[in-house]
Structures are given as C-alpha cells and as structure tokens.
Amino acid sequence: MTTDLSHLRTAARATAPRRRNPGRWFADTGWRHVVAIVVSVFAVFPLLFVVSSALNPNGTLTGSNALFSRIGIESFWRILTNPQNPYLLWFGNTILIAAVTAVASTLMGALAAYAFSRMRFTGRRFGLITIVVIQMFPQLLGAVAIFLMMSAIGDVFPAFGLNTHIGLIMVYLGGALGVNTYLMYGFFNTVPVEIDEAAKIDGAGHARIFFTIILRLVAPILAVVALLSVIASFSEYLIASVLLIDPENQTLAVGLVKLVSNPRYADWSAFSAGAIMAAIPVVALFLALQRYIVGGITAGAVK
Amino acid sequence: MALPTDRPTVRSLLVKIVLLGIVDAVSIYAAFVLVLQDNWVAAIAVLAVTALVNWIYLSRRLIPAKYLTPGLIFLAVFQVFVLLYTGYVGFTNYGTGHNGTKEQAVSSLLASSLQRVEDSPTYPVTVVDRLGELGLLVTDPETGEAYVGTNDEPLSRVDDAEFENGRAVSAPGWTSLTFQQVIARTAEITALAVPYSDDPNDGALRTPEGSNAYRYLSTLEFDEQADTMTNTQTGVVYTDRGTGAFVADDGAELRPGWQITVGFDNFARAFTEQSIRGPLIYVTIWTFAFAILSVLLCFALGLLLAITFQNARMRGVKYYRLLLILPYAFPAFLSILVWNGMMNESFGFINQVLFQGASIPWLSDPSLAKVSAILVNVWLGFPYMFLICTGALQAIPEELTEAATMDGARGWSVFRQIKLPLLLSTTAPVLIASFAFNFNNFNLVYLLNNGGPRDTTTSLPVGHTDLLISMVYKVAFTGQNRDYGLASAFSIIIFLIVAIIAVVSFSRTKALEEIQR
C-alpha cells in the first residue's frame with residue numbers, strides 16, 4: 001500500500017509545475033515564497049544596515065540611514081588607526097583568548113570524556129551526574145565571586161590575576177568543561193569499543209589508544225566543540241568586562257561595546273567597520289562548517 | 001596492524017617527567033610566594049594538590065584519574081569553588097566601604113586623617129629605593145641616629161648608615177635617589193607616609209619636597225582596649241557595634257568600614273526592604289516572561305519556516321536558507337549593538353527611514369522596551385529553531401501523514417493532531433535548554449539597552465528590562481556603591497530558581513536515564 005501511495009506522490013510532483021493557474025500556484029508554493037521573502041527581509045536588513053554604514057565615510061548614526069548612498073573605506077581606516085581604540089590589539093587578544101581556550105578546553109574535555117566512556121571506576125556515575133548538574137549553573141551567576149577571587153589571586157600572583165589574559169582563559173576553561181565533556185561523552189559512546197579492544201590485544205596501552213586511535217575517530221565532535229568554544233569566548237562580555245581593566249588588554253566585545261556606549265555621539269561608521277571585520281572570521285567559519293554544526297545540533301535534538 | 005607492546009617508551013617517559021617538572025616548579029614557586037606573605041593555608045593547599053597530581057601520574061594504576069585530573073582541577077576552582085564562595089559572600093557585607101579586615105580599616109582611617117603637627121621638628125631625610133619600593137632614610141635631629149621605613153614598615157634603626165654633614169645619605173640594601181630621580185618621582189614621594197612606630201596612634205613622617213620630613217598625627221585616635229575611635233578635634237567617639245564600621249552615637253559612620261558576616265541580613269533586606277523587594281519581584285516576573293515568550297516566538301517562527309520549506313516543488317530553498325541562517329552566524333553581541341543603534345529614538349534607522357521620521361520610543365518607554373527586547377531576541381533566535389524544526393519534521397515518517405490522510409484527516413488537523421505532538425516531544429530538550437539560556441541572557445538586555453529605561457523609584461541601579469542576571473551585575477559592578485553581598489544574595493536566589501527548574505525538567509527528560517546504563 002505504501003508503495004502505491006508513493007507512486008501517486010511522484011506523479012503529482014511531476015504534473016504540478018505544468019499547471020499555470022495562478023490561484024493554484026499560490027495555494028501550493030506561492031504563499032511559501034511570500035513567507036520566505038518577508039522573513040528573509042526581516043533577517044537581512046539589520047545586516048545590510050551595518051554593511052552600508054561601514055562603507056559610509058560619514059561618521060554619525062544619522063548619516064548611516066540612507067543605505068549605500070556613499071561608498072568608501074575611510075571608516076575602516078579610522079577604526080584601524082585611531083590610537084584611542086586599539087582595535088587591532090583587541091582583535092589579537094580576542095583571537096588569542098578564543099584559540100587557547102578552544103584548544104585547551106577541547107583537549108581536557110576529550111580526556112575526561114574518554115575516561116567516562118571507556119573506563120569503569122567507582123564514582124563514575126556520580127561524576128557524570130555532577131557534570132550534568134553543574135552545567136545547569138551558568139558561570140555568569142558567579143561573576144562577583146570570580147572577580148573577588150581573581151583580585152585576591154592577583155594580589156599574590158599578578159601574572160594570573162585580574163587584568164590578565166591567562167586569568168580570563170582559566171575562568172573560561174572552568175566554565176566550559178562541564179558542557180564540553182557532556183557533549184563529547186555522547187559522541188565517544190558511538191565509537192565501537194571493539195576498536196579499542198583490538199588495539200589492546202595488539203599490546204597498545206591506554207595512552208596510545210587515546211592519542212593515536214580515539215582522537216582521530218572523534219575528530220568531528222572535536223571540531224564542533226572547538227568551534228562552539230571559539231564563538232562563545234568571542235561573544236562573551238560579562239566576565240571579560242569585569243576582569244580586563246586596561247584598554248590594551250581588552251577583547252573585541254568589551255572594546256566595541258565601550259565604543260558605542262553612547263550611539264548618539266559615537267563614530268557609528270567606524271564601529272560598523274570594526275563589527276564587519278570582527279564578524280567576517282566567525283561568519284566564514286560558521287558557513288564553512290555549517291553542515292557539521294547543523295548536523296550536530298539537529299542530531300543532538302532529534303534522537 | 002601490529003603495535004609494539006606498550007611499555008613506557010623513553011620518549012613518553014621524558015614528556016611525562018618534563019610536564020610534571022614544570023607543574024612542580026610552578027607550584028613550589030607559588031607556595032614559596034604564599035609563605036612569604038604568611039598565607040599558610042593557601043600554601044599548604046597548593047602543595048597538597050601538587051603532591052596528589054604527582055602521585056596520580058607517577059603511579060601505574062589510577063588510570064581514570066590521569067584523564068580526569070586536568071579538567072577536575074579547573075572545574076573545582078572556577079566552578080565549584082566559585083559557587084561556594086558566592087554562597088559565602090551572600091552572607092557578608094562585602095562591598096564599597098567594606099572590603100578589608102578591621103586592621104586595614106583602622107590604619108586606613110588613621111592614615112586618611114593625618115594632619116601636620118604644628119611644632120613638629122624638622123627631620124632631614126634621603127629618599128631611598130629598594131626593588132621599586134620607596135622608603136625614607138631619616139636622621140633623628142636630637143640623637144643623630146639614622147632610621148629607615150616605608151609605607152608598610154614603620155621606622156627602624158639603621159646602624160651602618162653613611163652620613164654627610166650630620167645627614168644620613170645612604171644605607172646598605174637601599175639605593176639613594178639622585179636629585180633628578182626625586183624630581184621625576186615627586187608624586188610618589190609626596191604620597192609617602194612612613195609610620196613612626198608600630199602604634200598607629202604615633203602618626204607618620206611625610207615629606208613635601210624630598211629633603212625634609214615632618215611629623216603628622218591623625219585627628220583620629222584608636223583605643224584598642226575600648227575598641228573605639230575618637231576624633232581628637234571634635235571629641236566625638238565612634239564605637240564598633242558589630243556592624244562592620246565605627247559608629248557614633250548619632251549614627252554617623254566612619255568609612256571605610258570592614259568586612260563581616262551578616263547572616264541572613266542580605267536576604268532579609270531583599271525580601272522586606274520595599275525599595276529592593278519591589279524591583280526584585282518585577283524583575284523576576286519579567287525574567288520568566290522574557291524567557292518564555294522568547295522561546296515560544298522563536299519556536300513558532302522557526303516552525304512556520306520549516307513547514308513553509310517542506311515542499312518538494314518549491315524553488316530557491318537553498319538561497320532562502322542561507323539568508324535565514326545569517327542572523328545565527330553573525331556574532332550576537334555585534335548584532336545586538338547594531339539593533340541598539342537602529343532603535344535609537346531620534347537618529348535610528350527604524351524611526352527615521354521605516355517610520356518616516358516618527359519618534360517611537362523603542363528603547364526608552366518601559367513597555368515598548370520590553371517588546372523591543374523580545375523582538376531582537378526573536379531575530380537572534382529563530383534561525384536556530386528553524387534548523388531544529390526542519391530536522392525534527394524530516395524525522396517524522398511520511399507514512400504517518402499518509403495514514404492520517406487515508407483516514408480522512410485534512411491538512412491542518414494532520415498537523416495539529418499528529419505532527420505537532422511528535423515535534424514537541426522530540427524538541428522538548430532544546431526548548432528547555434533554550435529557556436535556560438534566555439533566563440540568563442545577559443548580553444541581550446545589557447547590550448541592547450543597558451537594562452533600561454532606568455527605574456527612578458528605587459535606589460538600586462535597576463531598569464525596566466533588566467533580567468535577574470543583569471540586576472546582579474549592576475548591583476555588584478556599577479553605580480556609586482558596589483554591594484557584593486547583596487548581589488551574591490541575589491545570585492543565590494537565582495541559583496535556587498534555576499535548580500528548581502533543572503530538577504523539574506530533568507524528571508521529564510531522559511538526560512539522566514542515559515547515564516544509568
């Protein structure tokens with residue numbers, strides 16, 4: 001019976017486009033285009049606005065309202081060279097912090113996920129439940145305690161305390177581990193245990209199995225977790241704004257927010273140019289890995 | 001594939017020893033520094049953790065611990081400890097004017113009220129430096145003996161100082177500053193106040209120009225026995241009454257005070273003081289409304305789009321999808337700032353262009369600001385829901401729809417009675433996670449509108465679109481008075497709310513069941 005129906009469906013599909021009755025067309029696919037176009041305009045117009053004001057040499061918010069009326073790259077030049085806003089330093093700091101956090105948290109998460117997935121030890125169940133519970137509490141809630149703790153550490157070890165990148169990275173690592181371990185634990189479980197066992201019979205120890213076999217098999221989830229971590233630390237504002245004090249130590253999020261704290265007087269075009277340059281790497285990374293990310297989130301959601 | 005039998009190779013052993021060596025070197029240095037500062041508890045904790053780490057990695061057993069330790073250390077310090085410390089701070093009066101010990105408060109009060117003694121003798125001094133820290137090398141005008149001291153160390157006698165014309169000019173271990181250096185560091189030098197002796201009531205020596213110093217005495221006098229501060233000019237007595245500050249009979253407080261535990265005072269204030277309770281209640285209600293509405297509207301729009309595109313005959317789906325994903329790919333903090341500019345009442349794109357110069361108070365009217373916050377959040381969140389719903393719709397077998405159609409159901413009721421319930425059950429975990437995320441969506445409300453417009457009826461720095469999390473941030477880090485204690489108490493209240501939500505949602509989803517295997 002099912003086969004019969006699917007034949008009918010293919011037949012309907014084949015004949016439908018030939019009908020030229022506009023009413024029918026609208027009822028079938030026309031309204032879909034209307035919805036899609038309306039929502040696409042809603043989705044895209046703020047982005048068009050920021051691109052247009054970045055290309056507008058004029059500085060103010062009002063001057064940016066006539067879309068694409070003037071085109072120039074002066075505002076890019078202004079944001080890159082204005083000594084009051086060390087944009088390139090912010091950019092470098094952000095990339096450094098995001099990269100180190102991503103590599104270190106992915107590696108530590110993978111180590112923990114390997115132990116939880118492959119080994120049986122006392123406290124394993126308790127450990128997994130603790131991780132699930134801890135990841136429900138966002139680190140943001142502890143911002144006050146983090147600030148007080150980092151300023152106390154900074155009094156003794158200035159290199160790790162307030163106003164240092166190492167300090168901020170350590171805080172991010174602590175906050176990301178629960179989520180990462182949990183995400184990776186599920187993926188590690190899908191790698192057949194037989195592979196480890198075969199290697200074990202051949203005489204490989206746990207470290208060799210992990211570093212030379214497992215890490216390669218779980219590469220897709222490593223990529224997704226690392227990317228999500230980069231995006232998260234790229235956009236993180238609260239903790240970075242509390243911990244990083246000197247302008248030359250700050251990240252893009254903290255710096256750019258300060259730049260437009262009063263949009264009325266801000267150099268809006270320069271901000272837009274800075275925003276576009278900051279967004280390009282993230283959007284490019286996202287679109288390039290789109291298939292994996294979308295696959296990852298939908299697979300996680302729809303079991 | 002034949003691998004060699006796995007005995008520790010020389011290389012892996014070397015790597016392990018080098019890494020452990022680095023860890024040990026760093027922590028022994030750290031412990032050394034801590035001991036120098038008399039912080040024995042922390043020093044012992046560092047050494048104990050280091051010993052544990054060495055034991056774990058040198059032992060041939062304890063294999064799971066070798067994999068868990070790096071993560072556990074960070075998790076323990078920056079997540080678990082932070083949680084406990086938040087709990088502790090919530091029970092203290094920590095904040096502006098209360099951020100140190102009582103001794104620090106006493107010496108800072110005495111130092112801030114120093115006044116030059118009118119008939120002070122003139123002390124010839126030489127400004128000296130030790131590892132960047134300035135000190136004064138003082139010659140006693142009566143005895144001719146040399147003394148040295150810094151901001152933190154009271155004057156102590158120097159036996160082998162060198163003298164020129166009865167003035168001590170250099171002392172071993174100290175570098176005397178040249179005239180040029182004195183000029184260059186004038187600001188630091190005039191700020192120096194070297195305590196005369198261990199007793200803070202003896203005052204301090206200060207030098208206005210770097211060659212002569214005078215005796216300064218505090219207008220406050222500290223009586224350790226009675227635990228009081230007396231203003232020697234007015235005669236007012238300030239007493240420690242256990243409130244973390246010296247208080248006079250008329251209620252006047254000396255600032256700074258010091259940090260004490262106040263029990264449930266912060267919580268009591270949050271629930272009884274009208275100017276705090278009011279904002280706390282409406283911020284909580286708005287936080288729930290914001291999170292629920294954001295999830296529902298994002299889900300509805302995402303689902304509408306997913307259904308729209310679920311048609312094999314439609315063309316251009318690929319291009320629409322690309323455009324629709326863009327808000328999700330663009331870094332959120334930047335798009336929020338862009339919306340902030342576009343919604344500006346007098347200069348923004350929306351009023352100037354879309355509404356032809358109207359002045360609609362998108363961000364400055366309390367009600368409209370809430371609508372704007374949700375609108376922007378829907379813009380940010382619907383692409384994600386669109387992707388999720390597309391995946392979930394594809395996972396529903398086509399046969400179900402066909403069977404329902406055979407039974408006579410029409411398009412809408414097929415959707416409402418068959419697809420929607422299935423869809424909701426598969427996407428429930430995402431909806432809960434999304435709710436939890438929006439419950440603490442600090443970036444959106446803070447960057448869009450700074451939580452504003454500001455509520456002028458309360459002393460707290462709170463606005464009409466503030467969520468609980470941004471309220472905590474503002475109480476702790478903005479405004480004239482930083483109140484870490486009250487902010488942490490708010491954090492604990494949010495912890496409890498989140499915990500209840502977590503327990504309820506966990507009992508309904510299967511997240512924990514998987515672990516039971």
# chains A, B, ... in the order shown; residues from 1 in each chain; ligands from 1

call {"tool": "select_by_dssp", "arguments": {"residues": "stretch 4-61 of chain B", "states": "helix (DSSP H, G or I)", "output": "MDAnalysis selection string"}}
result
chainID B and resid 10:36 40:58

call {"tool": "residues_around", "arguments": {"residues": "stretch 104-111 of chain A", "least_positions_apart": "2", "cutoff": "10 Å", "atoms": "only C-alpha atoms", "output": "NGL selection string"}}
result
(:A and (99-102 or 113-116 or 169-170 or 172-185 or 188 or 210-211 or 214-215 or 218 or 221-227 or 229)) or (:B and (64 or 66-72 or 74))
